[in-house]
Amino acid sequence: MQHTTLDHIEQIAEDVVSLVLRGTTGPLAPWEPGAHIDLALPNWLTRQYSLCGDPADRDAYRIAVRHDPLSRGGSEYVHRFLRRGRTLDVSLPRNHFPLVPAPEYLFLAGGIGITPILPMLRAAAAAGVPASLVYVGQSPATMPFADELLSLHGDVVRIVATRHHGRPDLAAQRSALHPDALVYCCGPAPMLAAAEAAFPAERLHVERFQPVTRTSAPNTPFEAVCARSGRTVQVPPDESLLDALTHAGYPVPSGCREGVCGSCELTLLGGEPEHRDDIGAPAGRMYACVSRARSPQLVVDL
């Protein structure tokens with residue numbers, strides 16, 4: 001974990017605040033566009049937020065938090081109780097939404113989904129790569145960083161207020177793109193579904209707020225062998241691997257518990273996993289909060 005101080009908090013749109021976290025013991029860990037951090041809140045909750053500042057600034061991280069009326073306590077705490085000067089621990093940055101080199105980019109953002117896109121658009125502009133942004137929200141008042149985007153990037157940014165203009169025609173956007181252009185999309189589920197319908201899967205990169213259902217198959221029991229200790233943990237059908245390991249005395253760091261943040265990554269040494277995450281576990285890894293086993297036994301590096 002890294003120690004930071006909340007240097008600045010500001011309301012930047014309806015129900016959205018921006019936080020600037022400054023390192024207290026020297027430069028913060030480097031990061032690249034698309035990365036996020038875990039923020040450990042004083043109410044014992046940990047939440048994940050995309051970094052939306054400048055990767056070249058090693059002294060501070062910037063994030064934005066939308067107040068969710070159905071909050072489980074994270075955004076509620078940030079909006080109601082966090083104050084400037086508070087000390088907060090954050091994780092090292094992780095990136096499951098990296099910006100892949102391309103001859104052109106189309107960025108699609110909905111609401112708070114603009115946060116990982118901000119540094120991507122900055123990076124594309126700095127590299128001289130053609131890029132455009134379609135930023136969708138109910139109204140300008142609900143859209144964080146809209147003025148900043150227009151000021152920095154001008155005509156390549158299109159602000160679409162759905163209350164007045166309806167939803168954008170993504171098929172028209174597709175027809176104007178370079179054949180090898182990549183599309184990056186972050187926003188609510190209907191926007192992601194529209195992007196998936198409009199663009200080829202090999203050209204589309206998405207980041208989700210909420211998981212999608214990966215399987216309807218019933219859970220089956222399996223064993224997790226902890227290789228370093230030699231102990232075997234039973235994982236029943238009604239318990240996740242994450243919870244079973246925690247109850248057995250192997251607490252694994254976790255955040256979302258929904259397969260979208262990657263904080264509970266485990267190294268696999270044997271067995272066949274059933275991946276149920278939304279970020280694509282790399283070879284030899286799995287996310288313990290949602291994924292299970294296809295084989296009777298998994299061997300993990302614990």
# chains A, B, ... in the order shown; residues from 1 in each chain; ligands from 1
$ closest_atom_pairs --of "region 146-190 of chain A" --to "region 194-213 of chain A" --cutoff "6 Å" --atoms "only C-alpha atoms" --output "tab-separated table"
residue	atom	partner	partner_atom	distance
A:Ala171	CA	A:Ala198	CA	5.7
A:Leu182	CA	A:Arg203	CA	4.9
A:Val183	CA	A:Leu204	CA	4.8
A:Tyr184	CA	A:His205	CA	4.8
A:Cys185	CA	A:Val206	CA	4.8
A:Cys186	CA	A:Glu207	CA	5.0
$ select_by_dssp --residues "region 213-292 of chain A" --states "strand (DSSP E or B)" --output "ChimeraX atom specification"
/A:222-226,231-235,265-270,273-274,285-287,292
$ residues_around --residues "region 147-164 of chain A" --least-positions-apart "4" --cutoff "9 Å" --atoms "only C-alpha atoms" --output "short mmCIF file (atom, residue, chain, number, x, y, z; two decimals) with all heavy atoms, in the first residue's frame"
data_model
loop_
_atom_site.label_atom_id
_atom_site.label_comp_id
_atom_site.auth_asym_id
_atom_site.auth_seq_id
_atom_site.Cartn_x
_atom_site.Cartn_y
_atom_site.Cartn_z
N LEU A 118 -9.92 9.75 -19.93
CA LEU A 118 -9.21 11.03 -19.88
C LEU A 118 -7.72 10.89 -20.17
O LEU A 118 -7.20 11.55 -21.08
CB LEU A 118 -9.42 11.70 -18.52
CG LEU A 118 -10.62 12.62 -18.35
CD1 LEU A 118 -10.85 12.88 -16.87
CD2 LEU A 118 -10.38 13.94 -19.06
N LEU A 121 -6.98 9.77 -23.89
CA LEU A 121 -7.06 10.82 -24.89
C LEU A 121 -5.84 11.72 -24.82
O LEU A 121 -5.29 12.14 -25.85
CB LEU A 121 -8.35 11.62 -24.69
CG LEU A 121 -8.68 12.67 -25.75
CD1 LEU A 121 -8.76 12.05 -27.13
CD2 LEU A 121 -9.99 13.38 -25.40
N ARG A 122 -5.39 12.00 -23.61
CA ARG A 122 -4.17 12.79 -23.44
C ARG A 122 -2.97 12.09 -24.07
O ARG A 122 -2.15 12.71 -24.77
CB ARG A 122 -3.91 13.02 -21.94
CG ARG A 122 -2.65 13.84 -21.64
CD ARG A 122 -2.28 13.72 -20.17
NE ARG A 122 -3.25 14.35 -19.31
CZ ARG A 122 -3.16 15.61 -18.89
NH1 ARG A 122 -2.13 16.37 -19.26
NH2 ARG A 122 -4.07 16.11 -18.08
N ALA A 125 -3.11 12.21 -27.91
CA ALA A 125 -2.75 13.54 -28.39
C ALA A 125 -1.25 13.77 -28.31
O ALA A 125 -0.64 14.32 -29.23
CB ALA A 125 -3.51 14.60 -27.61
N PRO A 130 -4.30 10.16 -34.31
CA PRO A 130 -5.67 10.66 -34.45
C PRO A 130 -6.61 9.97 -33.46
O PRO A 130 -6.58 8.75 -33.31
CB PRO A 130 -6.04 10.31 -35.90
CG PRO A 130 -4.73 10.16 -36.60
CD PRO A 130 -3.77 9.63 -35.58
N ALA A 131 -7.42 10.76 -32.79
CA ALA A 131 -8.33 10.22 -31.80
C ALA A 131 -9.54 11.13 -31.67
O ALA A 131 -9.44 12.34 -31.86
CB ALA A 131 -7.64 10.08 -30.44
N SER A 132 -10.66 10.53 -31.35
CA SER A 132 -11.88 11.30 -31.10
C SER A 132 -12.60 10.69 -29.91
O SER A 132 -12.43 9.51 -29.59
CB SER A 132 -12.78 11.32 -32.34
OG SER A 132 -13.11 10.00 -32.73
N LEU A 133 -13.41 11.51 -29.27
CA LEU A 133 -14.15 11.09 -28.09
C LEU A 133 -15.62 11.43 -28.26
O LEU A 133 -15.97 12.57 -28.60
CB LEU A 133 -13.61 11.79 -26.84
CG LEU A 133 -14.47 11.71 -25.57
CD1 LEU A 133 -14.59 10.29 -25.05
CD2 LEU A 133 -13.92 12.64 -24.48
N VAL A 134 -16.48 10.45 -28.01
CA VAL A 134 -17.92 10.68 -27.88
C VAL A 134 -18.26 10.47 -26.41
O VAL A 134 -18.13 9.36 -25.88
CB VAL A 134 -18.73 9.71 -28.76
CG1 VAL A 134 -20.23 9.96 -28.56
CG2 VAL A 134 -18.35 9.88 -30.22
N TYR A 135 -18.65 11.56 -25.76
CA TYR A 135 -18.89 11.55 -24.32
C TYR A 135 -20.38 11.76 -24.09
O TYR A 135 -20.94 12.80 -24.45
CB TYR A 135 -18.07 12.66 -23.67
CG TYR A 135 -18.15 12.75 -22.17
CD1 TYR A 135 -18.67 11.74 -21.37
CD2 TYR A 135 -17.67 13.90 -21.51
CE1 TYR A 135 -18.73 11.85 -20.00
CE2 TYR A 135 -17.72 14.02 -20.13
CZ TYR A 135 -18.25 13.01 -19.39
OH TYR A 135 -18.31 13.12 -18.02
N VAL A 136 -21.04 10.75 -23.49
CA VAL A 136 -22.49 10.72 -23.37
C VAL A 136 -22.90 10.87 -21.91
O VAL A 136 -22.32 10.26 -21.02
CB VAL A 136 -23.04 9.39 -23.94
CG1 VAL A 136 -24.56 9.37 -23.89
CG2 VAL A 136 -22.55 9.18 -25.37
N GLY A 137 -23.93 11.69 -21.69
CA GLY A 137 -24.50 11.85 -20.36
C GLY A 137 -25.90 12.41 -20.47
O GLY A 137 -26.33 12.85 -21.55
N GLN A 138 -26.62 12.42 -19.37
CA GLN A 138 -27.99 12.93 -19.41
C GLN A 138 -28.03 14.42 -19.75
O GLN A 138 -28.86 14.88 -20.53
CB GLN A 138 -28.69 12.68 -18.07
CG GLN A 138 -28.99 11.22 -17.81
CD GLN A 138 -29.79 11.03 -16.53
OE1 GLN A 138 -29.95 11.96 -15.72
NE2 GLN A 138 -30.30 9.84 -16.33
N SER A 139 -27.12 15.18 -19.14
CA SER A 139 -27.04 16.63 -19.40
C SER A 139 -25.63 17.07 -19.05
O SER A 139 -24.91 16.37 -18.32
CB SER A 139 -28.05 17.39 -18.54
OG SER A 139 -27.67 17.33 -17.16
N PRO A 140 -25.18 18.24 -19.55
CA PRO A 140 -23.83 18.70 -19.22
C PRO A 140 -23.56 18.78 -17.72
O PRO A 140 -22.43 18.55 -17.28
CB PRO A 140 -23.78 20.08 -19.88
CG PRO A 140 -24.73 19.97 -21.04
CD PRO A 140 -25.84 19.10 -20.54
N MET A 143 -21.99 15.60 -16.23
CA MET A 143 -20.84 15.04 -16.93
C MET A 143 -19.53 15.63 -16.41
O MET A 143 -19.16 16.75 -16.78
CB MET A 143 -20.99 15.28 -18.43
CG MET A 143 -22.28 14.67 -18.98
SD MET A 143 -22.68 15.16 -20.68
CE MET A 143 -21.45 14.21 -21.59
N PRO A 168 -26.06 8.53 -29.38
CA PRO A 168 -25.27 8.68 -30.60
C PRO A 168 -25.42 7.48 -31.53
O PRO A 168 -25.68 6.36 -31.08
CB PRO A 168 -23.83 8.79 -30.08
CG PRO A 168 -23.86 8.10 -28.75
CD PRO A 168 -25.21 8.36 -28.18
#
$ decode --residues "region 34-45 of chain A" --atoms "all heavy atoms" --output "tab-separated table (two decimals), in the first residue's frame"
chain	number	residue	atom	x	y	z
A	34	GLY	N	-5.63	3.88	-18.23
A	34	GLY	CA	-6.47	2.70	-18.03
A	34	GLY	C	-6.32	2.08	-16.66
A	34	GLY	O	-7.11	1.21	-16.28
A	35	ALA	N	-5.31	2.52	-15.89
A	35	ALA	CA	-5.04	1.91	-14.58
A	35	ALA	C	-6.04	2.38	-13.53
A	35	ALA	O	-6.63	3.46	-13.63
A	35	ALA	CB	-3.62	2.24	-14.14
A	36	HIS	N	-6.18	1.56	-12.49
A	36	HIS	CA	-7.00	1.95	-11.35
A	36	HIS	C	-6.25	1.61	-10.06
A	36	HIS	O	-5.26	0.89	-10.07
A	36	HIS	CB	-8.37	1.27	-11.37
A	36	HIS	CG	-8.34	-0.20	-11.11
A	36	HIS	ND1	-8.22	-1.14	-12.10
A	36	HIS	CD2	-8.40	-0.91	-9.95
A	36	HIS	CE1	-8.23	-2.35	-11.58
A	36	HIS	NE2	-8.33	-2.25	-10.26
A	37	ILE	N	-6.75	2.16	-8.96
A	37	ILE	CA	-6.19	1.89	-7.64
A	37	ILE	C	-7.31	1.43	-6.71
A	37	ILE	O	-8.49	1.70	-6.94
A	37	ILE	CB	-5.49	3.12	-7.03
A	37	ILE	CG1	-6.45	4.32	-6.99
A	37	ILE	CG2	-4.21	3.45	-7.77
A	37	ILE	CD1	-5.94	5.51	-6.20
A	38	ASP	N	-6.92	0.72	-5.67
A	38	ASP	CA	-7.82	0.43	-4.55
A	38	ASP	C	-7.64	1.55	-3.53
A	38	ASP	O	-6.51	1.85	-3.13
A	38	ASP	CB	-7.48	-0.89	-3.89
A	38	ASP	CG	-7.62	-2.08	-4.82
A	38	ASP	OD1	-8.32	-1.95	-5.84
A	38	ASP	OD2	-7.03	-3.14	-4.53
A	39	LEU	N	-8.74	2.13	-3.11
A	39	LEU	CA	-8.72	3.16	-2.07
A	39	LEU	C	-9.28	2.58	-0.79
A	39	LEU	O	-10.44	2.14	-0.74
A	39	LEU	CB	-9.55	4.36	-2.52
A	39	LEU	CG	-9.74	5.49	-1.51
A	39	LEU	CD1	-8.40	6.17	-1.20
A	39	LEU	CD2	-10.75	6.52	-2.02
A	40	ALA	N	-8.45	2.53	0.27
A	40	ALA	CA	-8.88	2.02	1.57
A	40	ALA	C	-9.52	3.17	2.35
A	40	ALA	O	-8.85	4.13	2.71
A	40	ALA	CB	-7.69	1.44	2.33
A	41	LEU	N	-10.82	3.05	2.60
A	41	LEU	CA	-11.55	4.11	3.28
A	41	LEU	C	-11.53	3.92	4.79
A	41	LEU	O	-11.38	2.79	5.29
A	41	LEU	CB	-13.00	4.14	2.78
A	41	LEU	CG	-13.17	4.51	1.30
A	41	LEU	CD1	-14.58	4.22	0.84
A	41	LEU	CD2	-12.80	5.96	1.07
A	42	PRO	N	-11.68	5.00	5.54
A	42	PRO	CA	-11.66	4.89	7.00
A	42	PRO	C	-12.79	4.06	7.59
A	42	PRO	O	-12.73	3.70	8.77
A	42	PRO	CB	-11.74	6.35	7.46
A	42	PRO	CG	-11.19	7.14	6.31
A	42	PRO	CD	-11.65	6.40	5.09
A	43	ASN	N	-13.83	3.78	6.83
A	43	ASN	CA	-14.93	2.93	7.33
A	43	ASN	C	-14.72	1.46	7.01
A	43	ASN	O	-15.66	0.67	7.00
A	43	ASN	CB	-16.27	3.41	6.78
A	43	ASN	CG	-16.37	3.31	5.27
A	43	ASN	OD1	-15.36	3.08	4.59
A	43	ASN	ND2	-17.56	3.46	4.72
A	44	TRP	N	-13.46	1.09	6.73
A	44	TRP	CA	-13.02	-0.29	6.53
A	44	TRP	C	-13.44	-0.86	5.17
A	44	TRP	O	-13.27	-2.06	4.93
A	44	TRP	CB	-13.52	-1.21	7.66
A	44	TRP	CG	-13.10	-0.74	9.01
A	44	TRP	CD1	-13.85	-0.08	9.93
A	44	TRP	CD2	-11.80	-0.88	9.60
A	44	TRP	NE1	-13.12	0.23	11.05
A	44	TRP	CE2	-11.85	-0.26	10.87
A	44	TRP	CE3	-10.60	-1.45	9.18
A	44	TRP	CZ2	-10.75	-0.22	11.72
A	44	TRP	CZ3	-9.51	-1.40	10.03
A	44	TRP	CH2	-9.59	-0.79	11.28
A	45	LEU	N	-13.96	-0.05	4.31
A	45	LEU	CA	-14.28	-0.50	2.96
A	45	LEU	C	-13.14	-0.17	2.01
A	45	LEU	O	-12.40	0.80	2.21
A	45	LEU	CB	-15.56	0.17	2.47
A	45	LEU	CG	-16.86	-0.19	3.20
A	45	LEU	CD1	-18.02	0.61	2.65
A	45	LEU	CD2	-17.15	-1.68	3.09
